[in-house]
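Just query.txt here, compact mmCIF, C-alpha atoms and all ligand atoms:
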# COMPACT_ATOMS: atom_id res chain seq x y z
CA MET A 79 -16.00 190.63 34.17
CA SER A 80 -16.02 193.55 31.79
CA LEU A 81 -19.00 193.61 29.44
CA ASN A 82 -19.85 196.02 26.66
CA ILE A 83 -23.56 196.78 26.75
CA PHE A 84 -25.13 198.46 23.74
CA TRP A 85 -28.70 199.65 23.35
CA PHE A 86 -30.76 199.85 20.14
CA LEU A 87 -32.19 202.78 18.18
CA PRO A 88 -35.70 201.89 17.00
CA THR A 89 -35.49 203.56 13.60
CA HIS A 90 -38.35 201.43 12.31
CA GLY A 91 -40.87 202.42 14.99
CA ASP A 92 -41.51 202.05 18.69
CA GLY A 93 -44.39 201.60 21.07
CA HIS A 94 -45.90 199.76 24.01
CA TYR A 95 -47.28 196.71 22.17
CA LEU A 96 -46.22 194.46 19.33
CA GLY A 97 -48.24 193.97 16.16
CA THR A 98 -50.71 196.83 16.62
CA ALA A 99 -50.93 200.56 16.05
CA GLN A 100 -52.26 200.95 19.58
CA GLY A 101 -49.69 202.56 21.84
CA ALA A 102 -47.39 203.19 18.86
CA ARG A 103 -45.11 206.18 19.03
CA THR A 104 -43.80 208.57 16.40
CA VAL A 105 -40.12 208.01 15.79
CA ASP A 106 -38.55 211.24 14.62
CA HIS A 107 -35.16 212.84 15.14
CA SER A 108 -36.13 214.35 18.44
CA TYR A 109 -37.17 210.94 19.79
CA LEU A 110 -34.05 209.17 18.50
CA GLN A 111 -31.99 211.91 20.13
CA GLN A 112 -33.79 211.29 23.42
CA VAL A 113 -33.07 207.55 23.24
CA ALA A 114 -29.43 208.13 22.29
CA GLN A 115 -28.88 210.71 25.04
CA ALA A 116 -30.60 208.47 27.58
CA ALA A 117 -28.40 205.55 26.54
CA GLU A 118 -25.28 207.70 26.92
CA ARG A 119 -26.30 209.12 30.29
CA LEU A 120 -27.28 205.71 31.64
CA GLY A 121 -23.96 204.06 30.87
CA PHE A 122 -24.58 202.11 27.66
CA GLY A 123 -21.44 201.96 25.56
CA GLY A 124 -23.22 202.51 22.26
CA VAL A 125 -26.30 201.96 20.14
CA LEU A 126 -26.97 199.62 17.22
CA ILE A 127 -28.58 201.37 14.27
CA PRO A 128 -30.25 198.86 11.91
CA THR A 129 -30.62 198.99 8.13
CA GLY A 130 -33.33 198.00 5.68
CA ARG A 131 -36.18 199.42 3.67
CA SER A 132 -38.34 199.59 6.80
CA CYS A 133 -35.79 201.72 8.71
CA GLU A 134 -34.47 205.24 8.54
CA ASP A 135 -31.02 205.17 6.93
CA SER A 136 -28.44 203.98 9.48
CA TRP A 137 -25.54 206.18 8.30
CA ILE A 138 -27.62 209.35 8.27
CA VAL A 139 -29.16 208.63 11.68
CA GLY A 140 -25.69 207.96 13.12
CA ALA A 141 -24.22 211.13 11.61
CA SER A 142 -27.13 213.23 12.89
CA LEU A 143 -26.56 212.07 16.47
CA ILE A 144 -22.83 212.82 16.65
CA PRO A 145 -23.25 216.48 17.69
CA VAL A 146 -25.82 215.70 20.40
CA THR A 147 -23.76 213.03 22.19
CA GLU A 148 -20.22 212.94 23.59
CA ARG A 149 -19.18 209.38 24.40
CA LEU A 150 -21.86 207.16 22.89
CA LYS A 151 -20.68 204.87 20.10
CA PHE A 152 -22.68 204.15 16.98
CA LEU A 153 -22.80 200.59 15.65
CA ILE A 154 -23.94 201.39 12.14
CA ALA A 155 -25.43 198.68 9.94
CA LEU A 156 -23.54 198.50 6.68
CA ARG A 157 -25.11 196.77 3.66
CA PRO A 158 -22.37 195.73 1.27
CA GLY A 159 -24.71 195.17 -1.70
CA VAL A 160 -25.95 198.72 -2.05
CA MET A 161 -22.72 200.70 -2.16
CA SER A 162 -19.18 200.38 -3.49
CA PRO A 163 -16.62 199.16 -0.95
CA THR A 164 -14.31 202.12 -1.51
CA PHE A 165 -17.13 204.63 -1.12
CA ALA A 166 -18.34 202.83 2.03
CA ALA A 167 -14.79 202.98 3.41
CA ARG A 168 -14.55 206.69 2.68
CA GLN A 169 -17.86 207.32 4.43
CA ALA A 170 -16.73 205.16 7.36
CA ALA A 171 -13.49 207.13 7.67
CA THR A 172 -15.39 210.42 7.59
CA LEU A 173 -17.83 209.32 10.28
CA ASP A 174 -14.97 207.98 12.37
CA ARG A 175 -13.13 211.31 12.16
CA LEU A 176 -16.18 213.49 12.67
CA SER A 177 -17.22 211.47 15.72
CA GLY A 178 -13.72 211.27 17.21
CA GLY A 179 -13.52 207.48 16.81
CA ARG A 180 -17.04 206.63 17.96
CA VAL A 181 -18.25 204.44 15.08
CA LEU A 182 -18.35 200.71 14.55
CA PHE A 183 -19.96 198.85 11.67
CA ASN A 184 -22.28 195.87 11.55
CA LEU A 185 -22.03 194.08 8.21
CA VAL A 186 -25.52 193.11 7.02
CA THR A 187 -25.74 190.77 4.04
CA GLY A 188 -29.56 190.88 4.05
CA GLY A 189 -32.01 188.01 3.92
CA ASP A 190 -35.20 189.17 2.21
CA PRO A 191 -35.03 188.38 -1.54
CA GLU A 192 -37.87 190.82 -2.26
CA GLU A 193 -36.10 193.72 -0.54
CA LEU A 194 -32.76 192.78 -2.08
CA ALA A 195 -34.29 192.65 -5.58
CA GLY A 196 -35.74 196.11 -4.99
CA ASP A 197 -32.23 197.32 -4.22
CA GLY A 198 -30.96 195.78 -7.45
CA GLN A 199 -29.37 192.76 -5.78
CA HIS A 200 -30.24 189.54 -7.57
CA LEU A 201 -27.58 187.27 -6.11
CA SER A 202 -28.21 183.91 -4.46
CA HIS A 203 -27.44 183.46 -0.75
CA ALA A 204 -24.04 181.91 -1.57
CA GLU A 205 -23.15 184.62 -4.10
CA ARG A 206 -24.18 187.33 -1.67
CA TYR A 207 -21.63 186.01 0.80
CA GLU A 208 -18.94 185.80 -1.92
CA ALA A 209 -19.68 189.44 -2.75
CA ALA A 210 -19.70 190.44 0.94
CA THR A 211 -16.32 188.76 1.48
CA GLU A 212 -14.80 190.62 -1.47
CA PHE A 213 -16.38 193.86 -0.27
CA THR A 214 -14.93 193.42 3.20
CA LYS A 215 -11.41 192.77 1.92
CA ILE A 216 -11.44 195.99 -0.10
CA TRP A 217 -13.16 198.01 2.70
CA LYS A 218 -10.63 196.91 5.31
CA GLY A 219 -7.66 197.32 2.98
CA VAL A 220 -8.36 200.91 1.99
CA LEU A 221 -9.24 201.91 5.55
CA ALA A 222 -5.90 200.49 6.70
CA GLY A 223 -4.19 202.90 4.29
CA GLU A 224 -3.46 200.47 1.49
CA THR A 225 -3.87 201.23 -2.19
CA VAL A 226 -6.00 198.32 -3.30
CA ASP A 227 -6.16 196.60 -6.67
CA PHE A 228 -8.77 193.87 -6.51
CA ASP A 229 -10.08 191.76 -9.35
CA GLY A 230 -12.86 189.65 -7.87
CA LYS A 231 -15.94 187.96 -9.22
CA HIS A 232 -18.27 190.66 -7.85
CA HIS A 233 -16.00 193.64 -7.19
CA GLN A 234 -13.17 195.03 -9.25
CA VAL A 235 -11.30 198.13 -8.08
CA LYS A 236 -8.04 199.67 -9.26
CA GLY A 237 -5.92 202.00 -7.15
CA ALA A 238 -8.64 202.26 -4.52
CA LYS A 239 -7.70 204.43 -1.57
CA VAL A 240 -8.94 206.55 1.29
CA LEU A 241 -6.92 209.74 1.62
CA PHE A 242 -8.33 210.88 4.97
CA PRO A 243 -7.74 207.97 7.33
CA PRO A 244 -10.03 206.82 10.14
CA VAL A 245 -9.19 207.61 13.78
CA GLN A 246 -9.41 203.94 14.82
CA LYS A 247 -6.62 201.75 13.45
CA PRO A 248 -6.48 199.80 11.29
CA HIS A 249 -10.21 200.44 10.78
CA PRO A 250 -13.34 200.99 12.90
CA PRO A 251 -14.35 197.65 14.46
CA LEU A 252 -16.35 195.40 12.14
CA TYR A 253 -19.18 193.32 13.64
CA PHE A 254 -21.31 190.80 11.80
CA GLY A 255 -24.02 188.19 12.39
CA GLY A 256 -25.25 185.31 10.26
CA SER A 257 -26.02 181.69 11.04
CA SER A 258 -25.27 179.91 7.77
CA GLU A 259 -22.06 177.98 7.14
CA VAL A 260 -20.84 180.67 4.73
CA ALA A 261 -21.62 183.34 7.31
CA HIS A 262 -19.39 181.57 9.83
CA GLU A 263 -16.64 181.38 7.19
CA LEU A 264 -16.90 185.12 6.58
CA ALA A 265 -16.85 185.85 10.31
CA ALA A 266 -13.84 183.61 10.85
CA GLU A 267 -11.81 185.20 8.07
CA GLN A 268 -12.86 188.84 8.18
CA VAL A 269 -14.63 190.31 11.18
CA ASP A 270 -13.67 191.50 14.65
CA LEU A 271 -16.80 190.40 16.49
CA TYR A 272 -19.38 187.75 15.60
CA ILE A 273 -22.83 188.48 16.96
CA SER A 274 -25.64 185.97 17.42
CA TRP A 275 -29.29 186.60 18.06
CA GLY A 276 -30.35 185.42 21.53
CA GLU A 277 -30.75 181.70 20.97
CA PRO A 278 -30.67 179.15 23.80
CA LEU A 279 -27.23 178.78 25.40
CA ASP A 280 -26.29 175.44 23.83
CA GLU A 281 -27.08 176.75 20.34
CA VAL A 282 -25.02 179.90 20.87
CA ALA A 283 -22.23 177.71 22.28
CA GLU A 284 -22.20 175.62 19.08
CA LYS A 285 -22.01 178.71 16.89
CA ILE A 286 -19.17 180.17 18.94
CA ALA A 287 -17.25 176.89 18.80
CA ASP A 288 -17.68 176.68 15.03
CA VAL A 289 -16.62 180.29 14.34
CA LYS A 290 -13.65 179.89 16.74
CA ALA A 291 -12.49 176.71 15.02
CA LYS A 292 -12.85 178.24 11.57
CA ALA A 293 -11.02 181.41 12.70
CA ALA A 294 -8.15 179.33 14.08
CA LYS A 295 -7.60 177.93 10.58
CA HIS A 296 -6.95 181.50 9.45
CA GLY A 297 -4.72 182.11 12.47
CA ARG A 298 -7.27 184.58 13.82
CA THR A 299 -9.35 185.12 16.94
CA VAL A 300 -12.82 186.62 16.89
CA ARG A 301 -14.77 188.24 19.74
CA PHE A 302 -18.40 187.32 20.40
CA GLY A 303 -21.65 189.18 21.09
CA VAL A 304 -25.33 188.47 21.60
CA ARG A 305 -28.24 190.61 20.39
CA VAL A 306 -31.33 190.07 22.53
CA HIS A 307 -34.30 192.03 23.89
CA VAL A 308 -34.76 192.32 27.65
CA ILE A 309 -37.84 192.72 29.84
CA VAL A 310 -36.55 193.61 33.31
CA ARG A 311 -38.80 194.48 36.22
CA GLU A 312 -38.50 194.63 40.02
CA THR A 313 -39.82 191.07 40.29
CA THR A 314 -39.69 188.20 37.83
CA GLN A 315 -43.46 187.87 38.02
CA GLU A 316 -43.89 191.50 36.97
CA ALA A 317 -41.47 190.91 34.10
CA TRP A 318 -43.53 187.96 32.79
CA GLU A 319 -46.66 190.08 33.09
CA ALA A 320 -44.94 192.78 31.02
CA ALA A 321 -44.01 190.16 28.41
CA ASP A 322 -47.65 189.04 28.20
CA ARG A 323 -48.77 192.66 27.95
CA LEU A 324 -46.38 193.29 25.06
CA ILE A 325 -48.32 190.81 22.89
CA SER A 326 -51.75 191.44 24.44
CA HIS A 327 -53.06 193.20 21.32
CA LEU A 328 -51.58 190.69 18.92
CA ASP A 329 -54.10 188.52 17.11
CA ASP A 330 -53.51 185.19 15.36
CA GLU A 331 -54.13 186.70 11.94
CA THR A 332 -51.35 189.26 12.43
CA ILE A 333 -48.96 186.52 13.59
CA ALA A 334 -49.83 184.36 10.55
CA LYS A 335 -49.30 187.31 8.17
CA ALA A 336 -45.95 188.21 9.73
CA GLN A 337 -44.73 184.61 9.65
CA ALA A 338 -45.85 184.21 6.01
CA SER A 339 -43.87 187.26 5.00
CA LEU A 340 -40.79 186.22 7.03
CA SER A 341 -40.90 182.72 5.49
CA ARG A 342 -39.77 184.10 2.12
CA PHE A 343 -36.40 185.05 3.69
CA ASP A 344 -33.42 182.91 2.70
CA SER A 345 -31.64 183.74 5.95
CA VAL A 346 -30.67 180.73 8.04
CA GLY A 347 -30.64 182.98 11.10
CA GLN A 348 -34.25 184.02 10.42
CA GLN A 349 -35.29 180.38 9.99
CA ARG A 350 -33.67 179.52 13.32
CA MET A 351 -35.57 182.37 15.00
CA ALA A 352 -38.90 181.16 13.53
CA SER A 353 -38.25 177.58 14.64
CA LEU A 354 -38.01 178.74 18.27
CA HIS A 355 -41.73 179.60 18.50
CA GLN A 356 -43.20 177.95 15.36
CA GLY A 357 -45.87 180.67 15.22
CA ARG A 358 -47.43 179.48 18.50
CA ARG A 359 -48.05 181.81 21.39
CA ASP A 360 -48.55 179.12 24.05
CA GLN A 361 -44.96 177.84 24.37
CA LEU A 362 -42.86 180.95 24.32
CA GLU A 363 -40.41 180.30 27.19
CA ILE A 364 -37.97 178.28 25.11
CA ALA A 365 -35.16 178.18 27.70
CA PRO A 366 -35.03 179.48 31.27
CA ASN A 367 -36.14 183.16 31.14
CA LEU A 368 -35.73 183.21 27.34
CA TRP A 369 -39.00 184.26 25.67
CA ALA A 370 -39.62 183.95 21.92
CA GLY A 371 -42.68 186.25 21.83
CA VAL A 372 -41.03 189.15 20.00
CA GLY A 373 -40.32 186.90 17.01
CA LEU A 374 -44.02 186.20 16.50
CA VAL A 375 -44.18 189.42 14.49
CA ARG A 376 -40.70 190.92 14.36
CA GLY A 377 -38.06 189.84 11.89
CA GLY A 378 -34.49 189.58 13.16
CA ALA A 379 -33.87 189.49 16.90
CA GLY A 380 -36.93 187.67 18.20
CA THR A 381 -36.15 186.66 21.78
CA ALA A 382 -36.11 188.46 25.11
CA LEU A 383 -34.60 187.68 28.49
CA VAL A 384 -37.35 188.12 31.06
CA GLY A 385 -36.94 188.53 34.81
CA ASP A 386 -35.81 190.70 37.66
CA GLY A 387 -32.40 192.35 37.45
CA ALA A 388 -30.50 189.60 39.24
CA THR A 389 -32.08 186.86 37.12
CA VAL A 390 -31.43 188.58 33.78
CA ALA A 391 -27.87 189.37 34.90
CA ALA A 392 -27.36 185.70 35.76
CA ARG A 393 -28.59 184.67 32.29
CA LEU A 394 -26.29 187.21 30.61
CA LYS A 395 -23.37 185.88 32.65
CA GLU A 396 -24.10 182.38 31.30
CA TYR A 397 -23.56 183.75 27.78
CA ALA A 398 -20.49 185.62 29.02
CA ASP A 399 -19.10 182.32 30.33
CA LEU A 400 -19.21 181.06 26.73
CA GLY A 401 -16.87 183.89 25.74
CA VAL A 402 -19.42 186.60 24.91
CA ASP A 403 -18.17 190.08 25.88
CA THR A 404 -20.74 192.29 24.13
CA PHE A 405 -24.53 192.48 24.39
CA VAL A 406 -26.84 194.54 22.23
CA LEU A 407 -30.04 194.91 24.25
CA SER A 408 -33.39 196.54 23.58
CA GLY A 409 -36.94 196.71 24.87
CA TYR A 410 -40.25 198.38 24.05
CA PRO A 411 -40.60 201.34 24.30
CA HIS A 412 -36.90 201.98 23.94
CA LEU A 413 -36.75 205.14 26.03
CA GLU A 414 -38.45 203.84 29.17
CA GLU A 415 -36.84 200.42 28.88
CA ALA A 416 -33.36 201.94 28.65
CA TYR A 417 -34.01 203.43 32.08
CA ARG A 418 -35.41 200.18 33.48
CA VAL A 419 -32.41 198.23 32.24
CA ALA A 420 -29.95 200.75 33.65
CA GLU A 421 -31.70 200.99 37.01
CA LEU A 422 -32.62 197.34 37.56
CA LEU A 423 -30.01 195.36 35.61
CA PHE A 424 -26.82 197.44 35.54
CA PRO A 425 -26.25 197.29 39.32
CA HIS A 426 -25.96 193.49 38.92
CA LEU A 427 -23.41 193.90 36.12
CA GLN A 428 -21.28 196.47 37.96
CA ILE A 429 -21.97 199.11 35.32
CA THR A 430 -21.98 202.68 36.59
CA PRO A 431 -24.12 205.34 34.94
CA GLN A 432 -22.16 208.11 33.24
CA LEU A 433 -23.92 211.00 34.93
CA GLU A 434 -22.92 214.43 33.70
CA GLN A 435 -22.98 215.75 37.24
CA GLU A 436 -23.04 214.41 40.77
CA PRO A 437 -26.51 213.57 42.05
CA ARG A 438 -27.92 216.73 43.60
CA SER A 439 -27.98 216.95 47.34
CA TYR A 440 -31.11 216.31 49.30
CA ILE A 441 -33.75 218.98 49.15
CA SER A 442 -37.06 218.73 50.80
CA PRO A 443 -39.51 221.07 49.17
CA PHE A 444 -42.19 222.11 51.62
CA GLY A 445 -40.81 219.54 54.04
CA GLU A 446 -42.06 216.61 51.95
CA ILE A 447 -40.02 213.71 50.67
CA VAL A 448 -40.70 213.58 46.93
CA ALA A 449 -39.88 210.97 44.31
CA ASN A 450 -36.28 210.93 43.09
CA ASP A 451 -34.85 212.93 45.96
CA ILE A 452 -31.59 211.40 46.99
CA LEU A 453 -31.43 211.08 50.73
CA PRO A 454 -28.12 211.66 52.48
CA LYS A 455 -27.13 208.69 54.63
CA ALA A 456 -28.16 210.38 57.85
CA VAL A 457 -31.68 211.00 56.60
CA ALA A 458 -32.04 207.68 54.81
CA SER A 459 -31.02 205.52 57.69
C1 LIG B 501 -26.97 191.20 15.24
C2 LIG B 501 -27.59 191.16 13.89
C3 LIG B 501 -28.04 192.34 13.33
C4 LIG B 501 -28.64 192.35 12.08
N1 LIG B 501 -29.07 193.53 11.56
C5 LIG B 501 -29.73 193.54 10.38
C6 LIG B 501 -30.23 194.76 9.84
O1 LIG B 501 -30.05 195.84 10.40
N2 LIG B 501 -30.90 194.69 8.67
C7 LIG B 501 -31.11 193.51 8.01
O2 LIG B 501 -31.74 193.52 6.96
N3 LIG B 501 -30.62 192.34 8.48
C8 LIG B 501 -29.95 192.34 9.66
N4 LIG B 501 -29.46 191.16 10.15
C9 LIG B 501 -29.70 189.94 9.39
C10 LIG B 501 -28.49 189.49 8.59
O3 LIG B 501 -27.91 190.49 7.86
C11 LIG B 501 -28.84 188.46 7.55
O4 LIG B 501 -30.09 188.73 6.99
C12 LIG B 501 -28.90 187.09 8.03
O5 LIG B 501 -28.20 186.86 9.16
C13 LIG B 501 -28.53 186.17 6.84
O6 LIG B 501 -27.53 185.42 7.05
P1 LIG B 501 -27.57 183.85 7.34
O7 LIG B 501 -28.38 183.14 6.28
O8 LIG B 501 -26.13 183.54 7.26
O9 LIG B 501 -28.14 183.67 8.72
C14 LIG B 501 -28.82 191.13 11.37
C15 LIG B 501 -28.35 189.95 11.94
C16 LIG B 501 -27.75 189.94 13.18
C17 LIG B 501 -27.27 188.64 13.75
Could you write out this file's structure as structure tokens?
Amino acid sequence: MSLNIFWFLPTHGDGHYLGTAQGARTVDHSYLQQVAQAAERLGFGGVLIPTGRSCEDSWIVGASLIPVTERLKFLIALRPGVMSPTFAARQAATLDRLSGGRVLFNLVTGGDPEELAGDGQHLSHAERYEAATEFTKIWKGVLAGETVDFDGKHHQVKGAKVLFPPVQKPHPPLYFGGSSEVAHELAAEQVDLYISWGEPLDEVAEKIADVKAKAAKHGRTVRFGVRVHVIVRETTQEAWEAADRLISHLDDETIAKAQASLSRFDSVGQQRMASLHQGRRDQLEIAPNLWAGVGLVRGGAGTALVGDGATVAARLKEYADLGVDTFVLSGYPHLEEAYRVAELLFPHLQITPQLEQEPRSYISPFGEIVANDILPKAVAS
């Protein structure tokens, strides 16, 4: 089994607890660089960089991390409504060239009418998907080297082209997630990989089956991914304790406020996330090892797989058995949790860390065995 495991850059904040300023951490370039470099060193294939008014800009964050990483890929959230498709393609080609083919894009149609209106987007959910479909056709066409004339309802371009082509052909991979019927149509017709938030297995299975069937009508195949948080510890009991701790400073008023503000979203995916916990903190294990606590206050990905390394690996393999080959994982705080995931989970997924150098040989300062020393077999046995 070959899985692609991505990590997440917390460009909207990070910390030890959800829904409180306590234990919160400043997210600046130096910190994002630390998370990105840790992810690269530990063996993650790439990092998802989100978009929205509550995040640092995904393109700029991605560009700023190219020179401080070597292999790490950047899955950059791309909002079709706020830029022209030709301009977005030109930027994508530039980033692809400057990074030596290390960028991918995650198409984000958006789901918060208030935020969208602020960005000058006043389209209904259905119209937004029409516009996103037109956008994608132009974006892919020009990146593939075509000169595009397109006269759509939302986008009209004439002689659109990209003169400096991307490294990856025909275009950097295009990922996308959305749970509405129109989202599945878009995925089936346009994208390379459809990504679902971490819903229970049977629900993800239904979405995969639907997108597959719709793609077949277009004579296409689509790959599949899952975006989910993880809380991995040495024992499953410790992992559940860590999950409880994550929401230990979260009061009912904060949950109610967050849910009220998320309820204005017209996103089917967001509604599905909210229905998993229904604002209640007493029934959060909604499927074996799948915990809906993050969604009590966080929009978007709201579930976490909780357990020891072997258990979480087994749960991931259940999604993989449905045809999922890519996971975008995260955990709070993102630096420490990247290490926990790599050390406790990766050995069960046969993922090897990409260390820059061989582990140093055993040294015993002052004759003591200190933490992190790597014992040669003779000494260890
Ligand atoms: C993996 C994944 C990542 C997403 N990333 C973002 C993001 O960075 N910013 C954002 O505003 N919405 C993000 N979304 C939300 C979707 O763009 C969109 O709001 C939602 O899925 C609406 O579509 P639906 O009604 O078809 O579900 C993401 C969704 C998924 C599945």
Site check for ligand LIG 501 (chain B): residues at most 6 Å away, all atoms listed in the file, as a VMD selection string: chain A and resid 128 to 130 155 186 to 189 255 to 258 261 273 to 275 305 345 to 347
Using the file's own x, y and z axes, what box holds all listed atoms of segment 317-335 of chain A with 8 Å on each side, keeping edges along x, y and z, and what are its centre and edge lengths in Å to one decimal, as AutoDock Vina command-line options?
--center_x -47.8 --center_y 188.8 --center_z 21.1 --size_x 28.7 --size_y 24.9 --size_z 41.9
Give me the residues within 9 Å of segment 93-97 of chain A as number ranges by chain, counting all atoms listed in the file and dropping any in the same chain fewer than 5 places off. A: 102-104, 323-329, 332-333, 336, 372, 374-376, 410-412
Kindly give the distance, in Å, that separates atom CA of Pro158 of chain A and atom CA of Thr211 of chain A, rounded to a single decimal.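 These two atoms are separated by 9.2 Å.
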Counting only C-alpha atoms, the option among A:Glu277, A:Gly159, A:Lys292, A:His426 closest to Ser353 of chain A: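 Closest to Ser353 of chain A, using only C-alpha atoms: A:Glu277.
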Quick one: residues within 12 Å of Ser108 of chain A, all atoms listed in the file, excluding same-chain residues fewer than 6 positions away - as number ranges by chain? A: 89, 114-115, 139, 142-143, 146, 413
Find the residue from A:Gly387, A:Gly401, A:Gly124, A:Gly357 that sits nearest to Val181 of chain A; use only C-alpha atoms when measuring.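 Among A:Gly387, A:Gly401, A:Gly124, A:Gly357, it is A:Gly124 that comes nearest to Val181 of chain A.
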One-decimal distance in Å that lies between atom CA of Gly123 of chain A and atom CA of His90 of chain A: 21.5 Å
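Atom CA of Lys239 of chain A lies 6.6 Å from atom CA of Val226 of chain A.
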What would the list of residues within 12 Å of (-19.9, 204.3, -1.6) (file frame) look like as a VMD selection string, if all atoms listed in the file are what count? chain A and resid 137 156 to 172 213 216 to 217 238 240
Calculated over all atoms listed in the file, which of the candidates A:Phe152, A:Tyr272, A:Trp318, A:Tyr417 has the smallest distance to Leu362 of chain A?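 Closest residue, counting all atoms listed in the file: A:Trp318.
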What lies within 7 Å of Ile429 of chain A using all atoms listed in the file, ignoring chain neighbours under 4 positions off, as a short mmCIF file (atom, residue, chain, number, x, y, z; two decimals) with C-alpha atoms, in the frame of the given file?
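As a result, part_11.cif now contains:
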data_model
loop_
_atom_site.label_atom_id
_atom_site.label_comp_id
_atom_site.auth_asym_id
_atom_site.auth_seq_id
_atom_site.Cartn_x
_atom_site.Cartn_y
_atom_site.Cartn_z
CA GLY A 121 -23.96 204.06 30.87
CA PHE A 424 -26.82 197.44 35.54
CA PRO A 425 -26.25 197.29 39.32
#
Near Glu212 of chain A, counting only C-alpha atoms, which residues have an atom at most 8 Å away, once you skip same-chain residues fewer than 5 positions from it, shown as an MDAnalysis selection string? chainID A and resid 230 232:233
Considering all atoms listed in the file, state which residue in the set A:Asp344, A:Glu259, A:Glu421, A:Glu312 is at the smallest distance from Leu194 of chain A.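 The closest residue to Leu194 of chain A is A:Asp344.
Here the question is which of A:Glu224, A:Asp197, A:Asp280, A:Asp229 gets nearest to Asp399 of chain A using all atoms listed in the file, and that residue is A:Asp280.
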My list of candidates is A:Gly198, A:Gly385, A:Gly371, A:Gly377. Which is closest to Leu423 of chain A when distances are computed with all atoms listed in the file? A:Gly385
Would it be fine to have segment 121-125 of chain A, with all heavy atoms, given as a short mmCIF file (atom, residue, chain, number, x, y, z; two decimals), in the first residue's frame?
data_model
loop_
_atom_site.label_atom_id
_atom_site.label_comp_id
_atom_site.auth_asym_id
_atom_site.auth_seq_id
_atom_site.Cartn_x
_atom_site.Cartn_y
_atom_site.Cartn_z
N GLY A 121 9.04 13.11 6.75
CA GLY A 121 8.58 12.20 5.70
C GLY A 121 7.19 12.47 5.17
O GLY A 121 6.65 11.68 4.40
N PHE A 122 6.58 13.61 5.56
CA PHE A 122 5.30 13.98 4.94
C PHE A 122 5.58 14.39 3.50
O PHE A 122 6.61 15.00 3.20
CB PHE A 122 4.66 15.16 5.68
CG PHE A 122 4.15 14.82 7.05
CD1 PHE A 122 4.96 14.98 8.17
CD2 PHE A 122 2.86 14.33 7.23
CE1 PHE A 122 4.50 14.66 9.44
CE2 PHE A 122 2.40 14.01 8.50
CZ PHE A 122 3.21 14.17 9.60
N GLY A 123 4.63 14.07 2.61
CA GLY A 123 4.84 14.40 1.21
C GLY A 123 4.63 15.87 0.91
O GLY A 123 5.19 16.42 -0.03
N GLY A 124 3.78 16.52 1.71
CA GLY A 124 3.47 17.92 1.44
C GLY A 124 2.65 18.51 2.56
O GLY A 124 2.38 17.85 3.57
N VAL A 125 2.26 19.78 2.38
CA VAL A 125 1.42 20.45 3.37
C VAL A 125 0.26 21.16 2.66
O VAL A 125 0.45 21.76 1.61
CB VAL A 125 2.21 21.48 4.20
CG1 VAL A 125 3.08 20.80 5.24
CG2 VAL A 125 3.04 22.40 3.33
#
